[in-house]
Number of protein chains: 2
Amino acid sequence: MPPEVQAAAGRPMINHRGPEFMAIMQEVMEGLRWAYQTQNEVLMLTASGTGGLEAAICNLISPGDRVLAGVIGVFGDRFASIAETYGAQVTRITSPHGQPLDLSAIGATLDSPQPYRAILVTYNETSTGVLNDLATISQMVRNLPEERRPLLLVDAISALGAANLPTDAWECDVVVSGSQKAWAVPPGMAFVSVSPRAWEAMEQARSPRFYFDLRRARAVAPRGQTPWTPAVSIALAMQASLRLLRAEGLEAVFARHQRVAQFTRDGLRRLGLQLLVADERYASPAVTAVRAPDGVDPDRLRARLRDEYQIDLAGGQGPLKGRIFRIAHLGFVTEEDIQPVLDALTECL
Amino acid sequence: MPPEVQAAAGRPMINHRGPEFMAIMQEVMEGLRWAYQTQNEVLMLTASGTGGLEAAICNLISPGDRVLAGVIGVFGDRFASIAETYGAQVTRITSPHGQPLDLSAIGATLDSPQPYRAILVTYNETSTGVLNDLATISQMVRNLPEERRPLLLVDAISALGAANLPTDAWECDVVVSGSQKAWAVPPGMAFVSVSPRAWEAMEQARSPRFYFDLRRARAVAPRGQTPWTPAVSIALAMQASLRLLRAEGLEAVFARHQRVAQFTRDGLRRLGLQLLVADERYASPAVTAVRAPDGVDPDRLRARLRDEYQIDLAGGQGPLKGRIFRIAHLGFVTEEDIQPVLDALTECL
């Protein structure tokens with residue numbers, strides 16, 4: 001966290017129904033619309049990102065709905081599982097670890113005679129460090145005739161603010177992000193944008209929802225309010241983060257992420273390490289996954305980096321557990337943060 | 001917030017999957033069991049209190065279930081509404097504003113030929129400042145034969161840590177609290193205790209749930225983990241708060257709440273103000289609701305206290321809007337915090 005963000009997270013509490021907080025919430029929601037590049041409402045839920053994904057499903061998917069899910073890792077699988085929990089008939093399109101969604105498979109499936117209610121896409125799959133080609137997928141969805149066109153629901157939890165995501169230009173119906181990723185704020189809030197098409201579909205959806213009912217959030221948002229007590233300290237930190245990001249400018253923020261990600265990948269390759277994502281076009285601007293070299297236990301390597309260098313890397317998840325380690329470089333991370341990681345890896349390996 | 005709690009909320013972030021955070025979570029969960037006076041698991045959800053109430057419902061109530069709801073204000077009504085959202089057949093037992101649940105009505109309804117799946121009780125109804133007689137209600141539930149005995153689901157969001165609630169002695173099946181109430185921590189986490197009876201009932205329940213699925217939370221809790229990214233800064237602040245509370249002792253904490261609440265009520269009565277709760281036996285240790293005197297707009301009074309005295313009082317909610325104001329005295333509030341409120345009221349009125 002930048003010092004301004006950390007200081008905001010530790011401020012004294014204020015009345016979440018008072019005028020000071022209302023003005024803060026309105027500023028944060030306006031900032032979110034800026035970062036989302038949207039005119040849609042962006043609602044603030046007190047929950048982690050997974051709660052935001054559930055909000056996307058429970059507000060729009062009814063039992064029996066056909067849902068197409070792009071699954072290239074743990075988080076795509078989670079999004080699909082939430083839809084199944086709500087009784088959807090989910091068709092999964094999968095790719096091998098480290099590869100993006102197969103666009104021709106997506107296209108062929110979208111063309112099937114029976115239309116889909118929704119397509120679920122993980123923009124940045126954190127478990128593998130792959131950035132899917134959401135621009136092309138969204139174009140495929142837009143090319144379908146209106147009556148066969150699914151809602152495009154995007155898990156952008158680890159992408160928003162790290163990778164370009166023009167919500168309106170790509171006509172994304174729901175886009176979910178989370179406070180602890182590129183916003184560099186403590187975890188505790190999820191942000192959910194909703195298109196006019198999604199608001200309309202919501203009226204027909206029949207799954208039970210209360211806490212995550214987006215219509216309730218929409219009703220009070222113009223007053224800078226949330227239906228339930230919001231995570232005040234997270235909102236204060238979001239205000240500080242968005243001010244920093246707006247001062248930097250969206251293009252500059254994306255360029256910085258690209259630059260730091262490239263710096264990370266180049267440094268790792270110079271160490272002779274193999275990256276999980278072979279094709280640079282799909283390499284995530286937010287996180288890089290590294291294959292453990294032969295004879296190296298990545299979790300022992302991580303423990304050593306943590307204990308001896310105070311460097312915290314992530315491990316593999318699901319089937320990649322014990323096979324990779326991951327370096328986060330989103331938020332306000334710079335080359336100055338990454339260089340010590342490369343140095344420590346050089347020493348340890 | 002006490003300074004220790006505020007400082008903890010503003011600490012740098014740590015890896016929520018690392019050993020340092022696991023130890024903190026285990027300490028907090030152990031502290032929660034102490035405060036809940038229970039051997040049950042107390043799970044930590046990243047959500048506000050309403051999310052905890054929804055967790056109680058969606059994990060235990062199935063469409064068509066008969067549910068008895070004690071409703072004496074806005075929060076009791078909310079709990080009942082969540083059950084209805086999940087398709088329960090809800091019987092509401094209501095009382096006039098400022099009065100507790102009618103024990104004979106509860107008893108008579110519990111004795112009806114068809115058993116109830118669950119009874120919902122708001123221990124402390126924040127919107128009116130009434131503390132229900134949960135001891136007696138829980139005894140009524142325990143007196144029923146096992147096959148007719150409903151699950152006792154308790155909204156203790158504003159009660160836990162302010163009023164005595166021996167979860168195990170009263171055999172409460174689910175008890176929900178929230179970080180921003182007596183814990184004096186920023187909002188963002190709800191805590192949910194679950195009895196063995198409730199775990200068993202959960203296996204039969206058929207409502208969809210994912211983010212709030214308590215079985216997922218239980219599976220990873222022994223390792224100090226949560227299934228989804230937790231609100232780290234809130235957990236850090238909870239650790240600081242629980243250390244203060246344990247040093248003070250539970251009996252002393254309750255006695256302090258009683259003393260400060262009595263001090264507040266006595267001071268208000270000396271000003272000639274009428275309290276919404278006439279019967280001292282049911283006066284909340286957490287919050288006191290005051291009827292606006294004739295000719296006084298309570299919301300204008302609150303605006304003046306806020307702008308001129310930096311004192312934030314709560315207004316009326318629902319049908320009590322514009323008719324009352326409320327003074328919170330839970331958490332680490334003392335007489336030294338209340339006296340300036342009484343002084344300011346004296347001047348303004």
# chains A, B, ... in the order shown; residues from 1 in each chain; ligands from 1
>>> residues_around(residues="B:Phe21", least_positions_apart="4", cutoff="9 Å", atoms="only C-alpha atoms", output="PyMOL selection string")
chain B and resi 14-17+25-26+224-225+232+235-236
>>> write_last_selection(atoms="all heavy atoms", output="mmCIF file, in the first residue's frame")
data_model
loop_
_atom_site.group_PDB
_atom_site.id
_atom_site.type_symbol
_atom_site.label_atom_id
_atom_site.label_comp_id
_atom_site.auth_asym_id
_atom_site.auth_seq_id
_atom_site.Cartn_x
_atom_site.Cartn_y
_atom_site.Cartn_z
ATOM 1 N N ILE B 14 -0.382 -7.981 5.272
ATOM 2 C CA ILE B 14 0.460 -9.179 5.283
ATOM 3 C C ILE B 14 -0.244 -10.230 4.439
ATOM 4 O O ILE B 14 -1.443 -10.129 4.166
ATOM 5 C CB ILE B 14 0.705 -9.704 6.714
ATOM 6 C CG1 ILE B 14 -0.636 -9.927 7.450
ATOM 7 C CG2 ILE B 14 1.580 -8.722 7.495
ATOM 8 C CD1 ILE B 14 -0.449 -10.561 8.822
ATOM 9 N N ASN B 15 0.512 -11.230 4.035
ATOM 10 C CA ASN B 15 -0.023 -12.310 3.197
ATOM 11 C C ASN B 15 -1.090 -13.086 3.967
ATOM 12 O O ASN B 15 -0.803 -13.681 5.005
ATOM 13 C CB ASN B 15 1.141 -13.230 2.809
ATOM 14 C CG ASN B 15 0.692 -14.435 2.000
ATOM 15 O OD1 ASN B 15 -0.471 -14.551 1.624
ATOM 16 N ND2 ASN B 15 1.621 -15.326 1.736
ATOM 17 N N HIS B 16 -2.314 -13.101 3.438
ATOM 18 C CA HIS B 16 -3.390 -13.768 4.169
ATOM 19 C C HIS B 16 -3.296 -15.290 4.061
ATOM 20 O O HIS B 16 -4.118 -15.995 4.628
ATOM 21 C CB HIS B 16 -4.754 -13.273 3.694
ATOM 22 C CG HIS B 16 -5.067 -13.655 2.286
ATOM 23 N ND1 HIS B 16 -4.601 -12.933 1.217
ATOM 24 C CD2 HIS B 16 -5.783 -14.677 1.762
ATOM 25 C CE1 HIS B 16 -5.024 -13.495 0.090
ATOM 26 N NE2 HIS B 16 -5.738 -14.550 0.391
ATOM 27 N N ARG B 17 -2.326 -15.791 3.307
ATOM 28 C CA ARG B 17 -2.094 -17.250 3.281
ATOM 29 C C ARG B 17 -0.781 -17.609 3.975
ATOM 30 O O ARG B 17 -0.335 -18.755 3.885
ATOM 31 C CB ARG B 17 -2.080 -17.776 1.842
ATOM 32 C CG ARG B 17 -3.352 -17.521 1.040
ATOM 33 C CD ARG B 17 -4.496 -18.396 1.504
ATOM 34 N NE ARG B 17 -5.716 -18.179 0.725
ATOM 35 C CZ ARG B 17 -6.952 -18.233 1.252
ATOM 36 N NH1 ARG B 17 -7.133 -18.483 2.541
ATOM 37 N NH2 ARG B 17 -8.005 -18.035 0.495
ATOM 38 N N MET B 25 -5.371 -15.284 12.934
ATOM 39 C CA MET B 25 -6.748 -15.762 12.789
ATOM 40 C C MET B 25 -7.086 -16.787 13.867
ATOM 41 O O MET B 25 -8.189 -16.792 14.415
ATOM 42 C CB MET B 25 -6.941 -16.383 11.405
ATOM 43 C CG MET B 25 -6.951 -15.376 10.279
ATOM 44 S SD MET B 25 -8.420 -14.298 10.295
ATOM 45 C CE MET B 25 -9.559 -15.320 9.334
ATOM 46 N N GLN B 26 -6.146 -17.670 14.172
ATOM 47 C CA GLN B 26 -6.422 -18.661 15.217
ATOM 48 C C GLN B 26 -6.629 -17.980 16.565
ATOM 49 O O GLN B 26 -7.518 -18.350 17.325
ATOM 50 C CB GLN B 26 -5.288 -19.702 15.252
ATOM 51 C CG GLN B 26 -5.447 -20.694 14.093
ATOM 52 C CD GLN B 26 -4.197 -21.500 13.790
ATOM 53 O OE1 GLN B 26 -3.088 -21.054 14.069
ATOM 54 N NE2 GLN B 26 -4.375 -22.667 13.202
ATOM 55 N N GLY B 224 -6.510 -21.641 10.467
ATOM 56 C CA GLY B 224 -6.465 -20.178 10.512
ATOM 57 C C GLY B 224 -6.707 -19.575 9.141
ATOM 58 O O GLY B 224 -6.199 -18.503 8.828
ATOM 59 N N GLN B 225 -7.516 -20.261 8.344
ATOM 60 C CA GLN B 225 -7.757 -19.811 6.972
ATOM 61 C C GLN B 225 -9.251 -19.523 6.756
ATOM 62 O O GLN B 225 -10.099 -19.962 7.528
ATOM 63 C CB GLN B 225 -7.314 -20.896 5.989
ATOM 64 C CG GLN B 225 -5.806 -21.056 5.941
ATOM 65 C CD GLN B 225 -5.144 -19.978 5.095
ATOM 66 O OE1 GLN B 225 -5.225 -19.984 3.882
ATOM 67 N NE2 GLN B 225 -4.513 -19.026 5.754
ATOM 68 N N VAL B 232 -8.303 -8.504 5.885
ATOM 69 C CA VAL B 232 -7.118 -8.638 6.743
ATOM 70 C C VAL B 232 -7.052 -7.539 7.797
ATOM 71 O O VAL B 232 -6.811 -7.808 8.978
ATOM 72 C CB VAL B 232 -5.831 -8.639 5.875
ATOM 73 C CG1 VAL B 232 -4.585 -8.594 6.751
ATOM 74 C CG2 VAL B 232 -5.802 -9.863 4.959
ATOM 75 N N ALA B 235 -9.386 -8.147 10.614
ATOM 76 C CA ALA B 235 -8.919 -9.233 11.478
ATOM 77 C C ALA B 235 -7.812 -8.743 12.415
ATOM 78 O O ALA B 235 -7.784 -9.096 13.601
ATOM 79 C CB ALA B 235 -8.432 -10.410 10.630
ATOM 80 N N LEU B 236 -6.913 -7.919 11.895
ATOM 81 C CA LEU B 236 -5.837 -7.367 12.740
ATOM 82 C C LEU B 236 -6.435 -6.510 13.866
ATOM 83 O O LEU B 236 -6.002 -6.578 15.020
ATOM 84 C CB LEU B 236 -4.874 -6.519 11.901
ATOM 85 C CG LEU B 236 -4.099 -7.243 10.787
ATOM 86 C CD1 LEU B 236 -3.258 -6.251 9.985
ATOM 87 C CD2 LEU B 236 -3.211 -8.344 11.354
#
>>> interface_residues(of="chain A", to="chain B", cutoff="6 Å", atoms="only C-alpha atoms", output="PyMOL selection string")
chain A and resi 6+9-10+46-48+51+85-86+187-188+208+211+229+231
>>> residues_around(residues="B:Ile61", least_positions_apart="2", cutoff="7 Å", atoms="only C-alpha atoms", output="ChimeraX atom specification")
/B:57-59,63,65,88,205,207
>>> residues_around(residues="B:Ser193", least_positions_apart="2", cutoff="6 Å", atoms="only C-alpha atoms", output="number ranges by chain")
B: 41-42, 174-175
>>> residues_around(residues="B:Gly73", least_positions_apart="6", cutoff="9 Å", atoms="only C-alpha atoms", output="list in words")
Thr94, Ser95, Pro96, His97, Gly98, Thr122, Glu125, Thr126, Ser127, Thr128, Gln317 and Gly318 of chain B
>>> residues_around(residues="stretch 146-148 of chain A", least_positions_apart="3", cutoff="10 Å", atoms="only C-alpha atoms", output="VMD selection string")
chain A and resid 110 to 117 141 to 143 151
>>> atom_distance(atom1="atom CA of B:Gln274", atom2="atom CA of B:Glu335")
20.0 Å
>>> atom_distance(atom1="atom CA of A:Asp266", atom2="atom CA of A:Lys321")
23.9 Å
>>> atom_distance(atom1="atom CA of B:Arg326", atom2="atom CA of B:Leu101")
20.3 Å
>>> closest_residue(among="B:Ala169, B:Leu131, B:Ile93, B:Ala35", to="B:Arg281", atoms="only C-alpha atoms")
B:Leu131
>>> select_by_dssp(residues="stretch 42-277 of chain A", states="helix (DSSP H, G or I)", output="PyMOL selection string")
chain A and resi 49-58+74-85+103-110+134-143+146-148+196-202+214-223+232-248+250-270
>>> select_by_dssp(residues="stretch 88-309 of chain A", states="strand (DSSP E)", output="number ranges by chain")
A: 89-94, 118-122, 124-125, 130-131, 151-155, 174-178, 189-194, 287-291
>>> write_last_selection(atoms="C-alpha atoms", output="PDB file, in the first residue's frame")
ATOM      1  CA  GLN A  89     -26.468 -25.841 -16.774  1.00  0.00           C
ATOM      2  CA  VAL A  90     -22.836 -24.919 -17.213  1.00  0.00           C
ATOM      3  CA  THR A  91     -20.774 -25.740 -20.301  1.00  0.00           C
ATOM      4  CA  ARG A  92     -17.077 -25.406 -19.454  1.00  0.00           C
ATOM      5  CA  ILE A  93     -14.504 -24.563 -22.114  1.00  0.00           C
ATOM      6  CA  THR A  94     -11.076 -25.298 -20.749  1.00  0.00           C
ATOM      7  CA  ALA A 118     -24.570 -15.809 -19.911  1.00  0.00           C
ATOM      8  CA  ILE A 119     -20.907 -16.282 -20.684  1.00  0.00           C
ATOM      9  CA  LEU A 120     -18.438 -16.140 -17.790  1.00  0.00           C
ATOM     10  CA  VAL A 121     -14.926 -14.918 -18.521  1.00  0.00           C
ATOM     11  CA  THR A 122     -11.998 -14.513 -16.142  1.00  0.00           C
ATOM     12  CA  ASN A 124      -6.891 -12.169 -15.683  1.00  0.00           C
ATOM     13  CA  GLU A 125      -6.560 -15.729 -14.362  1.00  0.00           C
ATOM     14  CA  VAL A 130      -2.843 -15.511 -18.140  1.00  0.00           C
ATOM     15  CA  LEU A 131      -4.676 -12.484 -19.517  1.00  0.00           C
ATOM     16  CA  LEU A 151     -24.865 -11.590 -20.852  1.00  0.00           C
ATOM     17  CA  LEU A 152     -21.117 -11.081 -20.631  1.00  0.00           C
ATOM     18  CA  LEU A 153     -20.076 -11.485 -16.981  1.00  0.00           C
ATOM     19  CA  VAL A 154     -16.435 -10.679 -16.330  1.00  0.00           C
ATOM     20  CA  ASP A 155     -14.278 -11.615 -13.373  1.00  0.00           C
ATOM     21  CA  VAL A 174     -21.136  -7.169 -15.258  1.00  0.00           C
ATOM     22  CA  VAL A 175     -17.517  -6.534 -14.284  1.00  0.00           C
ATOM     23  CA  VAL A 176     -16.280  -7.515 -10.819  1.00  0.00           C
ATOM     24  CA  SER A 177     -13.138  -6.208  -9.132  1.00  0.00           C
ATOM     25  CA  GLY A 178     -11.770  -6.381  -5.571  1.00  0.00           C
ATOM     26  CA  MET A 189     -14.805  -4.712  -0.740  1.00  0.00           C
ATOM     27  CA  ALA A 190     -15.876  -5.941  -4.164  1.00  0.00           C
ATOM     28  CA  PHE A 191     -16.987  -3.596  -6.938  1.00  0.00           C
ATOM     29  CA  VAL A 192     -19.576  -4.595  -9.503  1.00  0.00           C
ATOM     30  CA  SER A 193     -20.579  -2.678 -12.634  1.00  0.00           C
ATOM     31  CA  VAL A 194     -23.981  -3.422 -14.131  1.00  0.00           C
ATOM     32  CA  VAL A 287       1.167 -11.644 -11.902  1.00  0.00           C
ATOM     33  CA  THR A 288       3.807 -13.952 -13.368  1.00  0.00           C
ATOM     34  CA  ALA A 289       3.845 -17.707 -12.737  1.00  0.00           C
ATOM     35  CA  VAL A 290       7.196 -19.471 -12.806  1.00  0.00           C
ATOM     36  CA  ARG A 291       7.722 -23.205 -13.219  1.00  0.00           C
TER      37      ARG A 291
END
>>> residues_around(residues="B:Asp294", least_positions_apart="4", cutoff="12 Å", atoms="only C-alpha atoms", output="MDAnalysis selection string")
chainID B and resid 272:274 298 322:324 349
>>> write_last_selection(atoms="C-alpha atoms", output="PDB file, in the first residue's frame")
ATOM      1  CA  GLY B 272     -36.776  15.641  31.198  1.00  0.00           C
ATOM      2  CA  LEU B 273     -36.451  13.470  28.092  1.00  0.00           C
ATOM      3  CA  GLN B 274     -38.669  10.453  27.498  1.00  0.00           C
ATOM      4  CA  PRO B 298     -34.690  15.053  16.079  1.00  0.00           C
ATOM      5  CA  GLY B 322     -38.167  11.703  12.609  1.00  0.00           C
ATOM      6  CA  ARG B 323     -39.566  10.572  15.944  1.00  0.00           C
ATOM      7  CA  ILE B 324     -36.495   9.522  17.951  1.00  0.00           C
ATOM      8  CA  LEU B 349     -32.647  21.801  23.972  1.00  0.00           C
TER       9      LEU B 349
END
